[in-house]
>>> print(open('model-v3.pdb').read())   # PDB, C-alpha atoms and all ligand atoms
ATOM      1  CA  MET P   1     -27.090  -8.074 -79.609
ATOM      2  CA  ASN P   2     -29.234  -7.213 -76.590
ATOM      3  CA  ASN P   3     -28.308  -4.519 -74.139
ATOM      4  CA  ASN P   4     -26.997  -6.804 -71.425
ATOM      5  CA  LEU P   5     -24.727  -8.653 -73.813
ATOM      6  CA  LEU P   6     -23.400  -5.341 -75.093
ATOM      7  CA  LYS P   7     -22.818  -4.153 -71.548
ATOM      8  CA  GLY P   8     -21.085  -7.424 -70.657
ATOM      9  CA  GLY P   9     -18.881  -7.150 -73.732
ATOM     10  CA  LEU P  10     -17.903  -3.594 -72.911
ATOM     11  CA  ILE P  11     -17.061  -4.502 -69.327
ATOM     12  CA  SER P  12     -14.911  -7.413 -70.537
ATOM     13  CA  LEU P  13     -13.124  -5.110 -72.961
ATOM     14  CA  LEU P  14     -12.542  -2.575 -70.204
ATOM     15  CA  LEU P  15     -11.214  -5.272 -67.855
ATOM     16  CA  LEU P  16      -8.953  -6.594 -70.598
ATOM     17  CA  ALA P  17      -7.636  -3.077 -71.233
ATOM     18  CA  LEU P  18      -6.985  -2.569 -67.518
ATOM     19  CA  ALA P  19      -5.262  -5.938 -67.250
ATOM     20  CA  THR P  20      -3.090  -5.096 -70.252
ATOM     21  CA  ILE P  21      -2.137  -1.727 -68.776
ATOM     22  CA  GLY P  22      -1.209  -3.458 -65.520
ATOM     23  CA  LEU P  23       0.906  -5.980 -67.365
ATOM     24  CA  THR P  24       2.831  -3.448 -69.464
ATOM     25  CA  THR P  25       3.433  -1.229 -66.453
ATOM     26  CA  ALA P  26       4.884  -4.142 -64.552
ATOM     27  CA  GLN P  27       6.942  -5.409 -67.478
ATOM     28  CA  GLN P  28       8.039  -2.238 -69.210
ATOM     29  CA  ARG P  29      11.702  -2.293 -70.118
ATOM     30  CA  PRO P  30      13.388   0.431 -68.048
ATOM     31  CA  THR P  31      16.044   2.720 -69.456
ATOM     32  CA  LEU P  32      19.265   1.884 -67.657
ATOM     33  CA  THR P  33      22.426   3.936 -67.348
ATOM     34  CA  PRO P  34      25.773   2.456 -68.514
ATOM     35  CA  GLU P  35      26.706   2.003 -64.833
ATOM     36  CA  GLN P  36      23.492   0.103 -64.147
ATOM     37  CA  LEU P  37      23.973  -2.061 -67.254
ATOM     38  CA  GLU P  38      27.493  -2.865 -66.062
ATOM     39  CA  ARG P  39      26.085  -3.887 -62.668
ATOM     40  CA  LEU P  40      23.714  -6.317 -64.405
ATOM     41  CA  THR P  41      26.310  -7.928 -66.689
ATOM     42  CA  ILE P  42      26.992 -11.660 -66.448
ATOM     43  CA  ARG P  43      30.041 -12.574 -64.342
ATOM     44  CA  PRO P  44      31.742 -15.757 -63.160
ATOM     45  CA  ILE P  45      31.069 -16.737 -59.553
ATOM     46  CA  PRO P  46      34.508 -16.724 -57.911
ATOM     47  CA  GLY P  47      35.870 -20.193 -57.254
ATOM     48  CA  LYS P  48      32.870 -21.889 -58.896
ATOM     49  CA  GLU P  49      33.942 -23.372 -62.210
ATOM     50  CA  GLY P  50      31.228 -23.162 -64.859
ATOM     51  CA  LEU P  51      28.877 -21.088 -62.709
ATOM     52  CA  TYR P  52      27.901 -17.517 -63.617
ATOM     53  CA  LEU P  53      25.552 -14.871 -62.262
ATOM     54  CA  MET P  54      23.425 -12.369 -64.143
ATOM     55  CA  PRO P  55      22.740 -10.047 -61.204
ATOM     56  CA  GLY P  56      19.265  -8.873 -60.209
ATOM     57  CA  PHE P  57      18.339  -6.545 -57.369
ATOM     58  CA  ASP P  58      14.599  -5.909 -57.537
ATOM     59  CA  GLY P  59      11.300  -6.735 -59.149
ATOM     60  CA  ALA P  60      11.111  -3.530 -61.133
ATOM     61  CA  MET P  61      14.311  -2.518 -62.914
ATOM     62  CA  SER P  62      16.593  -5.540 -62.899
ATOM     63  CA  GLY P  63      14.434  -8.591 -62.153
ATOM     64  CA  GLY P  64      15.707 -11.415 -59.982
ATOM     65  CA  ASN P  65      19.132 -13.048 -60.034
ATOM     66  CA  VAL P  66      19.751 -15.499 -62.879
ATOM     67  CA  ALA P  67      22.179 -18.372 -62.250
ATOM     68  CA  VAL P  68      23.918 -19.832 -65.303
ATOM     69  CA  ARG P  69      25.582 -23.282 -65.215
ATOM     70  CA  VAL P  70      27.722 -23.943 -68.263
ATOM     71  CA  THR P  71      28.720 -27.511 -69.153
ATOM     72  CA  ASP P  72      30.303 -28.987 -72.276
ATOM     73  CA  GLU P  73      26.909 -30.483 -73.210
ATOM     74  CA  GLY P  74      24.763 -27.385 -72.764
ATOM     75  CA  VAL P  75      23.643 -24.742 -70.303
ATOM     76  CA  ILE P  76      21.208 -24.810 -67.384
ATOM     77  CA  ILE P  77      19.790 -21.506 -66.141
ATOM     78  CA  VAL P  78      17.794 -20.741 -63.009
ATOM     79  CA  ASP P  79      15.171 -17.987 -63.447
ATOM     80  CA  ASN P  80      14.885 -15.635 -66.410
ATOM     81  CA  LYS P  81      13.756 -12.176 -65.265
ATOM     82  CA  PHE P  82      10.984 -10.435 -67.262
ATOM     83  CA  SER P  83       8.976 -11.244 -70.395
ATOM     84  CA  TYR P  84      11.283  -8.936 -72.377
ATOM     85  CA  SER P  85      14.534 -10.408 -70.957
ATOM     86  CA  TYR P  86      14.957 -13.376 -73.319
ATOM     87  CA  GLU P  87      17.282 -11.638 -75.812
ATOM     88  CA  ASP P  88      19.358 -10.057 -73.083
ATOM     89  CA  ILE P  89      19.843 -13.378 -71.279
ATOM     90  CA  THR P  90      20.691 -15.367 -74.420
ATOM     91  CA  ARG P  91      23.113 -12.656 -75.590
ATOM     92  CA  GLN P  92      24.872 -12.525 -72.222
ATOM     93  CA  VAL P  93      25.077 -16.316 -71.946
ATOM     94  CA  ALA P  94      26.503 -16.411 -75.505
ATOM     95  CA  SER P  95      29.262 -14.049 -74.318
ATOM     96  CA  VAL P  96      30.615 -16.789 -72.017
ATOM     97  CA  THR P  97      29.843 -20.000 -73.954
ATOM     98  CA  ASP P  98      28.873 -21.375 -77.372
ATOM     99  CA  GLN P  99      26.687 -24.021 -75.706
ATOM    100  CA  PRO P 100      22.888 -23.709 -76.030
ATOM    101  CA  ILE P 101      20.553 -23.167 -73.074
ATOM    102  CA  LEU P 102      18.828 -26.552 -72.698
ATOM    103  CA  TYR P 103      17.160 -26.354 -69.263
ATOM    104  CA  VAL P 104      15.412 -23.475 -67.495
ATOM    105  CA  LEU P 105      14.457 -23.935 -63.832
ATOM    106  CA  ASN P 106      12.025 -21.604 -62.046
ATOM    107  CA  THR P 107      12.413 -20.737 -58.358
ATOM    108  CA  HIS P 108       8.733 -19.590 -58.443
ATOM    109  CA  HIS P 109       6.162 -18.184 -60.852
ATOM    110  CA  HIS P 110       6.563 -14.400 -60.378
ATOM    111  CA  PHE P 111       6.950 -12.306 -63.532
ATOM    112  CA  ASP P 112      10.372 -10.951 -62.492
ATOM    113  CA  HIS P 113      11.771 -14.514 -62.199
ATOM    114  CA  ALA P 114       9.882 -16.645 -64.729
ATOM    115  CA  GLY P 115       8.724 -13.887 -67.084
ATOM    116  CA  SER P 116      10.436 -15.141 -70.226
ATOM    117  CA  ASN P 117       9.667 -18.873 -69.838
ATOM    118  CA  ALA P 118       7.579 -18.857 -73.026
ATOM    119  CA  SER P 119      10.442 -17.467 -75.128
ATOM    120  CA  PHE P 120      12.794 -20.236 -73.971
ATOM    121  CA  MET P 121      10.320 -23.080 -74.547
ATOM    122  CA  PRO P 122      10.926 -23.712 -78.265
ATOM    123  CA  ARG P 123      14.547 -24.660 -77.515
ATOM    124  CA  ALA P 124      14.725 -25.517 -73.808
ATOM    125  CA  GLN P 125      12.878 -27.592 -71.232
ATOM    126  CA  VAL P 126      11.244 -25.316 -68.656
ATOM    127  CA  ILE P 127      10.915 -27.003 -65.266
ATOM    128  CA  GLY P 128       9.116 -25.798 -62.142
ATOM    129  CA  HIS P 129       7.250 -26.939 -59.054
ATOM    130  CA  GLU P 130       3.682 -28.040 -59.824
ATOM    131  CA  ASN P 131       2.349 -24.907 -58.087
ATOM    132  CA  VAL P 132       4.429 -22.713 -60.406
ATOM    133  CA  ARG P 133       2.341 -24.108 -63.264
ATOM    134  CA  ILE P 134      -0.914 -23.964 -61.282
ATOM    135  CA  ASN P 135      -0.314 -20.365 -60.148
ATOM    136  CA  MET P 136       0.606 -19.210 -63.650
ATOM    137  CA  LEU P 137      -2.455 -20.811 -65.229
ATOM    138  CA  ARG P 138      -4.814 -19.482 -62.536
ATOM    139  CA  ASN P 139      -3.373 -15.970 -62.727
ATOM    140  CA  GLN P 140      -3.697 -15.941 -66.525
ATOM    141  CA  GLY P 141      -7.384 -16.791 -66.256
ATOM    142  CA  PRO P 142      -9.375 -19.631 -67.855
ATOM    143  CA  SER P 143      -9.369 -18.255 -71.409
ATOM    144  CA  ALA P 144      -5.641 -17.534 -71.647
ATOM    145  CA  SER P 145      -3.228 -19.909 -73.345
ATOM    146  CA  PRO P 146      -0.819 -21.657 -70.979
ATOM    147  CA  ASP P 147       2.115 -19.628 -72.327
ATOM    148  CA  GLY P 148       5.139 -19.962 -70.140
ATOM    149  CA  ALA P 149       3.747 -22.457 -67.616
ATOM    150  CA  PRO P 150       6.435 -25.129 -67.036
ATOM    151  CA  ARG P 151       5.793 -28.273 -69.082
ATOM    152  CA  ILE P 152       7.723 -30.423 -66.628
ATOM    153  CA  THR P 153       6.710 -30.185 -62.972
ATOM    154  CA  TYR P 154       7.666 -31.880 -59.721
ATOM    155  CA  ASN P 155       6.360 -32.084 -56.204
ATOM    156  CA  ASP P 156       9.178 -32.281 -53.628
ATOM    157  CA  LYS P 157      12.370 -32.543 -55.624
ATOM    158  CA  THR P 158      13.843 -33.012 -59.067
ATOM    159  CA  SER P 159      17.322 -33.146 -60.559
ATOM    160  CA  VAL P 160      18.867 -32.196 -63.885
ATOM    161  CA  HIS P 161      22.027 -34.005 -64.954
ATOM    162  CA  LEU P 162      23.917 -32.432 -67.823
ATOM    163  CA  GLY P 163      27.573 -32.818 -68.762
ATOM    164  CA  ASN P 164      29.532 -32.805 -65.529
ATOM    165  CA  ALA P 165      26.869 -30.818 -63.636
ATOM    166  CA  GLU P 166      24.109 -31.860 -61.286
ATOM    167  CA  VAL P 167      21.395 -29.378 -60.340
ATOM    168  CA  GLU P 168      18.815 -30.236 -57.681
ATOM    169  CA  ALA P 169      15.546 -28.345 -57.150
ATOM    170  CA  TYR P 170      14.002 -28.675 -53.681
ATOM    171  CA  HIS P 171      10.491 -27.624 -52.696
ATOM    172  CA  LEU P 172      10.766 -27.459 -48.912
ATOM    173  CA  GLY P 173       7.467 -25.931 -47.859
ATOM    174  CA  CYS P 174       5.498 -22.769 -47.919
ATOM    175  CA  GLY P 175       6.953 -19.271 -47.689
ATOM    176  CA  HIS P 176       7.085 -16.546 -50.352
ATOM    177  CA  THR P 177       4.516 -18.564 -52.391
ATOM    178  CA  ASN P 178       3.267 -22.174 -52.285
ATOM    179  CA  GLY P 179       5.581 -23.100 -55.176
ATOM    180  CA  ASP P 180       9.040 -21.976 -54.069
ATOM    181  CA  SER P 181      12.128 -24.005 -54.853
ATOM    182  CA  ALA P 182      15.690 -23.668 -53.662
ATOM    183  CA  ILE P 183      17.985 -24.796 -56.449
ATOM    184  CA  LEU P 184      21.303 -26.358 -55.542
ATOM    185  CA  PHE P 185      24.350 -26.638 -57.791
ATOM    186  CA  THR P 186      25.627 -29.622 -55.871
ATOM    187  CA  ASP P 187      29.104 -29.877 -57.384
ATOM    188  CA  GLN P 188      29.745 -26.172 -56.812
ATOM    189  CA  ARG P 189      28.087 -25.986 -53.369
ATOM    190  CA  THR P 190      26.049 -22.971 -54.429
ATOM    191  CA  ILE P 191      22.313 -22.405 -53.972
ATOM    192  CA  HIS P 192      19.754 -20.109 -55.636
ATOM    193  CA  THR P 193      17.084 -19.467 -53.014
ATOM    194  CA  GLY P 194      14.501 -17.587 -55.063
ATOM    195  CA  ASP P 195      12.602 -15.022 -52.990
ATOM    196  CA  LEU P 196      12.631 -17.182 -49.843
ATOM    197  CA  PHE P 197      15.785 -15.198 -49.174
ATOM    198  CA  ILE P 198      16.402 -11.681 -50.458
ATOM    199  CA  TRP P 199      18.948  -9.183 -49.265
ATOM    200  CA  GLY P 200      20.026  -5.551 -49.515
ATOM    201  CA  GLU P 201      18.693  -2.717 -51.639
ATOM    202  CA  ARG P 202      16.712  -2.370 -54.812
ATOM    203  CA  MET P 203      18.330  -0.437 -57.654
ATOM    204  CA  ASP P 204      16.394   2.645 -56.516
ATOM    205  CA  GLY P 205      18.079   2.359 -53.111
ATOM    206  CA  SER P 206      15.030   1.213 -51.113
ATOM    207  CA  THR P 207      15.448  -1.732 -48.720
ATOM    208  CA  LEU P 208      14.180  -5.194 -49.623
ATOM    209  CA  ALA P 209      11.854  -6.896 -47.141
ATOM    210  CA  PRO P 210      10.332 -10.377 -47.370
ATOM    211  CA  PHE P 211       7.019 -10.507 -49.227
ATOM    212  CA  ILE P 212       4.405 -13.115 -48.406
ATOM    213  CA  ASP P 213       2.288 -13.639 -51.530
ATOM    214  CA  TYR P 214      -0.957 -14.739 -49.864
ATOM    215  CA  GLY P 215      -2.760 -14.692 -53.224
ATOM    216  CA  ASN P 216      -0.453 -17.501 -54.349
ATOM    217  CA  GLY P 217      -0.338 -19.626 -51.221
ATOM    218  CA  GLY P 218       2.497 -17.895 -49.368
ATOM    219  CA  CYS P 219       2.707 -18.093 -45.579
ATOM    220  CA  ALA P 220       4.673 -16.553 -42.727
ATOM    221  CA  SER P 221       4.080 -19.436 -40.305
ATOM    222  CA  ASP P 222       6.237 -21.999 -42.158
ATOM    223  CA  TRP P 223       8.816 -19.677 -43.723
ATOM    224  CA  VAL P 224      11.424 -20.190 -40.959
ATOM    225  CA  ALA P 225      11.015 -23.990 -41.102
ATOM    226  CA  THR P 226      11.491 -23.821 -44.872
ATOM    227  CA  LEU P 227      14.707 -21.813 -44.389
ATOM    228  CA  ASP P 228      15.924 -24.306 -41.775
ATOM    229  CA  GLN P 229      15.626 -27.063 -44.374
ATOM    230  CA  ILE P 230      17.561 -24.954 -46.880
ATOM    231  CA  LEU P 231      20.262 -24.368 -44.248
ATOM    232  CA  ALA P 232      20.559 -28.153 -43.785
ATOM    233  CA  LEU P 233      21.685 -28.536 -47.419
ATOM    234  CA  ASP P 234      25.381 -28.620 -48.335
ATOM    235  CA  PHE P 235      26.470 -25.252 -49.802
ATOM    236  CA  ASP P 236      28.694 -22.296 -48.963
ATOM    237  CA  THR P 237      27.671 -19.705 -51.563
ATOM    238  CA  VAL P 238      24.217 -18.185 -51.903
ATOM    239  CA  ILE P 239      22.445 -16.507 -54.803
ATOM    240  CA  PRO P 240      19.434 -14.776 -53.210
ATOM    241  CA  GLY P 241      16.256 -14.099 -55.209
ATOM    242  CA  HIS P 242      17.352 -10.472 -55.288
ATOM    243  CA  GLY P 243      20.628  -9.019 -54.032
ATOM    244  CA  PRO P 244      24.367  -9.701 -54.026
ATOM    245  CA  LEU P 245      26.202 -13.025 -53.792
ATOM    246  CA  LEU P 246      26.276 -14.081 -50.135
ATOM    247  CA  ARG P 247      27.241 -16.893 -47.747
ATOM    248  CA  LYS P 248      25.252 -19.223 -45.524
ATOM    249  CA  ALA P 249      25.661 -16.810 -42.598
ATOM    250  CA  GLU P 250      23.373 -14.219 -44.203
ATOM    251  CA  ILE P 251      20.558 -16.761 -44.602
ATOM    252  CA  ARG P 252      20.880 -17.435 -40.851
ATOM    253  CA  ILE P 253      20.622 -13.698 -40.105
ATOM    254  CA  PHE P 254      17.545 -13.379 -42.342
ATOM    255  CA  ARG P 255      16.011 -16.490 -40.764
ATOM    256  CA  ASP P 256      16.526 -15.163 -37.230
ATOM    257  CA  LYS P 257      14.997 -11.789 -38.164
ATOM    258  CA  PHE P 258      11.986 -13.541 -39.684
ATOM    259  CA  GLU P 259      11.524 -15.677 -36.569
ATOM    260  CA  GLU P 260      11.741 -12.545 -34.429
ATOM    261  CA  MET P 261       9.136 -10.744 -36.545
ATOM    262  CA  VAL P 262       6.711 -13.666 -36.368
ATOM    263  CA  SER P 263       7.169 -14.096 -32.625
ATOM    264  CA  ARG P 264       6.536 -10.383 -31.984
ATOM    265  CA  ILE P 265       3.309 -10.476 -34.016
ATOM    266  CA  ARG P 266       2.255 -13.670 -32.217
ATOM    267  CA  ALA P 267       2.963 -11.984 -28.866
ATOM    268  CA  GLN P 268       0.775  -9.023 -29.856
ATOM    269  CA  ILE P 269      -2.046 -11.385 -30.832
ATOM    270  CA  ALA P 270      -1.674 -13.281 -27.536
ATOM    271  CA  SER P 271      -1.871 -10.059 -25.546
ATOM    272  CA  GLY P 272      -5.105  -9.069 -27.265
ATOM    273  CA  THR P 273      -3.918  -6.442 -29.769
ATOM    274  CA  THR P 274      -6.592  -6.030 -32.427
ATOM    275  CA  ARG P 275      -6.045  -5.965 -36.179
ATOM    276  CA  ALA P 276      -6.818  -2.244 -36.161
ATOM    277  CA  ASP P 277      -3.984  -1.610 -33.681
ATOM    278  CA  ILE P 278      -1.310  -4.065 -34.832
ATOM    279  CA  VAL P 279       0.572  -1.637 -37.093
ATOM    280  CA  GLN P 280       0.786   0.930 -34.306
ATOM    281  CA  GLU P 281       1.660  -1.579 -31.558
ATOM    282  CA  LEU P 282       4.247  -3.638 -33.420
ATOM    283  CA  ASP P 283       7.826  -2.410 -33.176
ATOM    284  CA  ILE P 284      10.113  -4.027 -35.749
ATOM    285  CA  ALA P 285      12.200  -0.966 -36.635
ATOM    286  CA  ASP P 286      15.378  -2.769 -35.483
ATOM    287  CA  LEU P 287      14.835  -5.476 -38.120
ATOM    288  CA  ASN P 288      15.195  -2.859 -40.882
ATOM    289  CA  TRP P 289      12.425  -4.407 -42.979
ATOM    290  CA  PRO P 290      10.102  -1.650 -44.171
ATOM    291  CA  LEU P 291       6.771  -3.520 -44.284
ATOM    292  CA  ALA P 292       3.701  -1.629 -45.490
ATOM    293  CA  PRO P 293       0.771  -1.566 -43.017
ATOM    294  CA  ASP P 294      -1.358  -3.894 -45.170
ATOM    295  CA  ARG P 295       1.495  -6.428 -45.240
ATOM    296  CA  ILE P 296       1.675  -6.448 -41.436
ATOM    297  CA  GLU P 297      -2.134  -6.785 -41.217
ATOM    298  CA  ALA P 298      -2.028  -9.731 -43.627
ATOM    299  CA  ILE P 299       0.534 -11.514 -41.433
ATOM    300  CA  TYR P 300      -1.635 -10.705 -38.385
ATOM    301  CA  ASP P 301      -4.610 -12.286 -40.167
ATOM    302  CA  GLU P 302      -2.676 -15.435 -40.979
ATOM    303  CA  LEU P 303      -1.187 -15.910 -37.523
ATOM    304  CA  SER P 304      -4.392 -15.076 -35.655
ATOM    305  CA  GLN P 305      -6.217 -17.851 -37.508
ATOM    306  CA  GLN P 306      -3.916 -20.489 -36.069
TER     307      GLN P 306
HETATM  308 ZN    ZN P 401       8.825 -13.342 -56.051
END
>>> encode(input="model-v3.pdb", output="structure tokens", more="lines below")
Ligand SMILES: [Zn+2]
Amino acid sequence: MNNNLLKGGLISLLLLALATIGLTTAQQRPTLTPEQLERLTIRPIPGKEGLYLMPGFDGAMSGGNVAVRVTDEGVIIVDNKFSYSYEDITRQVASVTDQPILYVLNTHHHFDHAGSNASFMPRAQVIGHENVRINMLRNQGPSASPDGAPRITYNDKTSVHLGNAEVEAYHLGCGHTNGDSAILFTDQRTIHTGDLFIWGERMDGSTLAPFIDYGNGGCASDWVATLDQILALDFDTVIPGHGPLLRKAEIRIFRDKFEEMVSRIRAQIASGTTRADIVQELDIADLNWPLAPDRIEAIYDELSQQ
């Protein structure tokens, strides 16, 4: 082996080691207190026959919310938390039904929502927007196996019909990523929004703010229009990507705050504020969304290119 090859090999090994460290840090199973475990236990959604929630409050300790639709012909779930969450989800679902999980829908590709896709695949159909698959494969790199990437994909909309349930997945435009879906339990007038809508506090008490994943096609400019299309659907109960069960009114509040944030950044751009000054000039304290300076600069970059 010549020197360059050796060097290349060592660098690849180092990169692989770094990538692995990053992955385990992000997906390490946290130690939870009995109170926290109780908070994350599956529960029926009041007034919604056959519909359950496995709560999720953040991307670190609890993962995203998992919706569980039980029918007499099998179970449909929406999202599945982390790579290590498969056993926990199947055990909790088995505590409310003997029916098997047959369909797994992804609201988007992030590891705290679609992390255990691969574990479900031997026994369930995993379904996601085509960009969920594309983003997963790209992020895994060319040499990785396509573990966990949905085998069934759609563009604008798809439906799953099982037993007496109908579940509709809508891709309504760009926002958190370029592959977000809002998933509607039509007969129970309940929607899982994925991270297009998040609300409240993480389990560590910090406040959740919208995250635009520019590396995976997210955008601030269309997010409000995407929410407007969600609001046009027929539902009264909302499962956010992270946070408690809510109503349509909270999506409207979130939407209005987002519109306000975008319009204030646009106004700064129009008045000549530079990228270097945007964090200092922009006042969004009243919105109660703690956005890191680099997040605000990224939104500035996007909106100033339009
Ligand atoms: Zn996400």
>>> resolve_selection(input="model-v3.pdb", expression="the PyMOL selection byres (((chain P and resi 197-211) around 7) and not hetatm)", output="number ranges by chain")
P: 57-58, 61, 176, 193-196, 212-213, 240-243, 251, 289-291
>>> resolve_selection(input="model-v3.pdb", expression="the PyMOL selection byres (((chain P and resi 95) around 12) and not hetatm)", output="ChimeraX atom specification")
/P:41-44,52,54,68,70,88-94,96-100
>>> closest_residue(input="model-v3.pdb", among="P:Asp180, P:Asp156, P:Asp147, P:Glu38", to="ligand ZN 401 (chain P)", atoms="all atoms listed in the file")
P:Asp180
>>> closest_residue(input="model-v3.pdb", among="P:Ile265, P:Leu137, P:Ile76, P:Ile278", to="His161 of chain P", atoms="only C-alpha atoms")
P:Ile76
>>> closest_residue(input="model-v3.pdb", among="P:Ile152, P:Ala270, P:Leu102, P:Val78", to="Ser181 of chain P", atoms="all atoms listed in the file")
P:Val78
>>> residues_around(input="model-v3.pdb", residues="Arg247 of chain P", least_positions_apart="3", cutoff="10 Å", atoms="all atoms listed in the file", output="ChimeraX atom specification")
/P:190-191,235-240,244,250-252
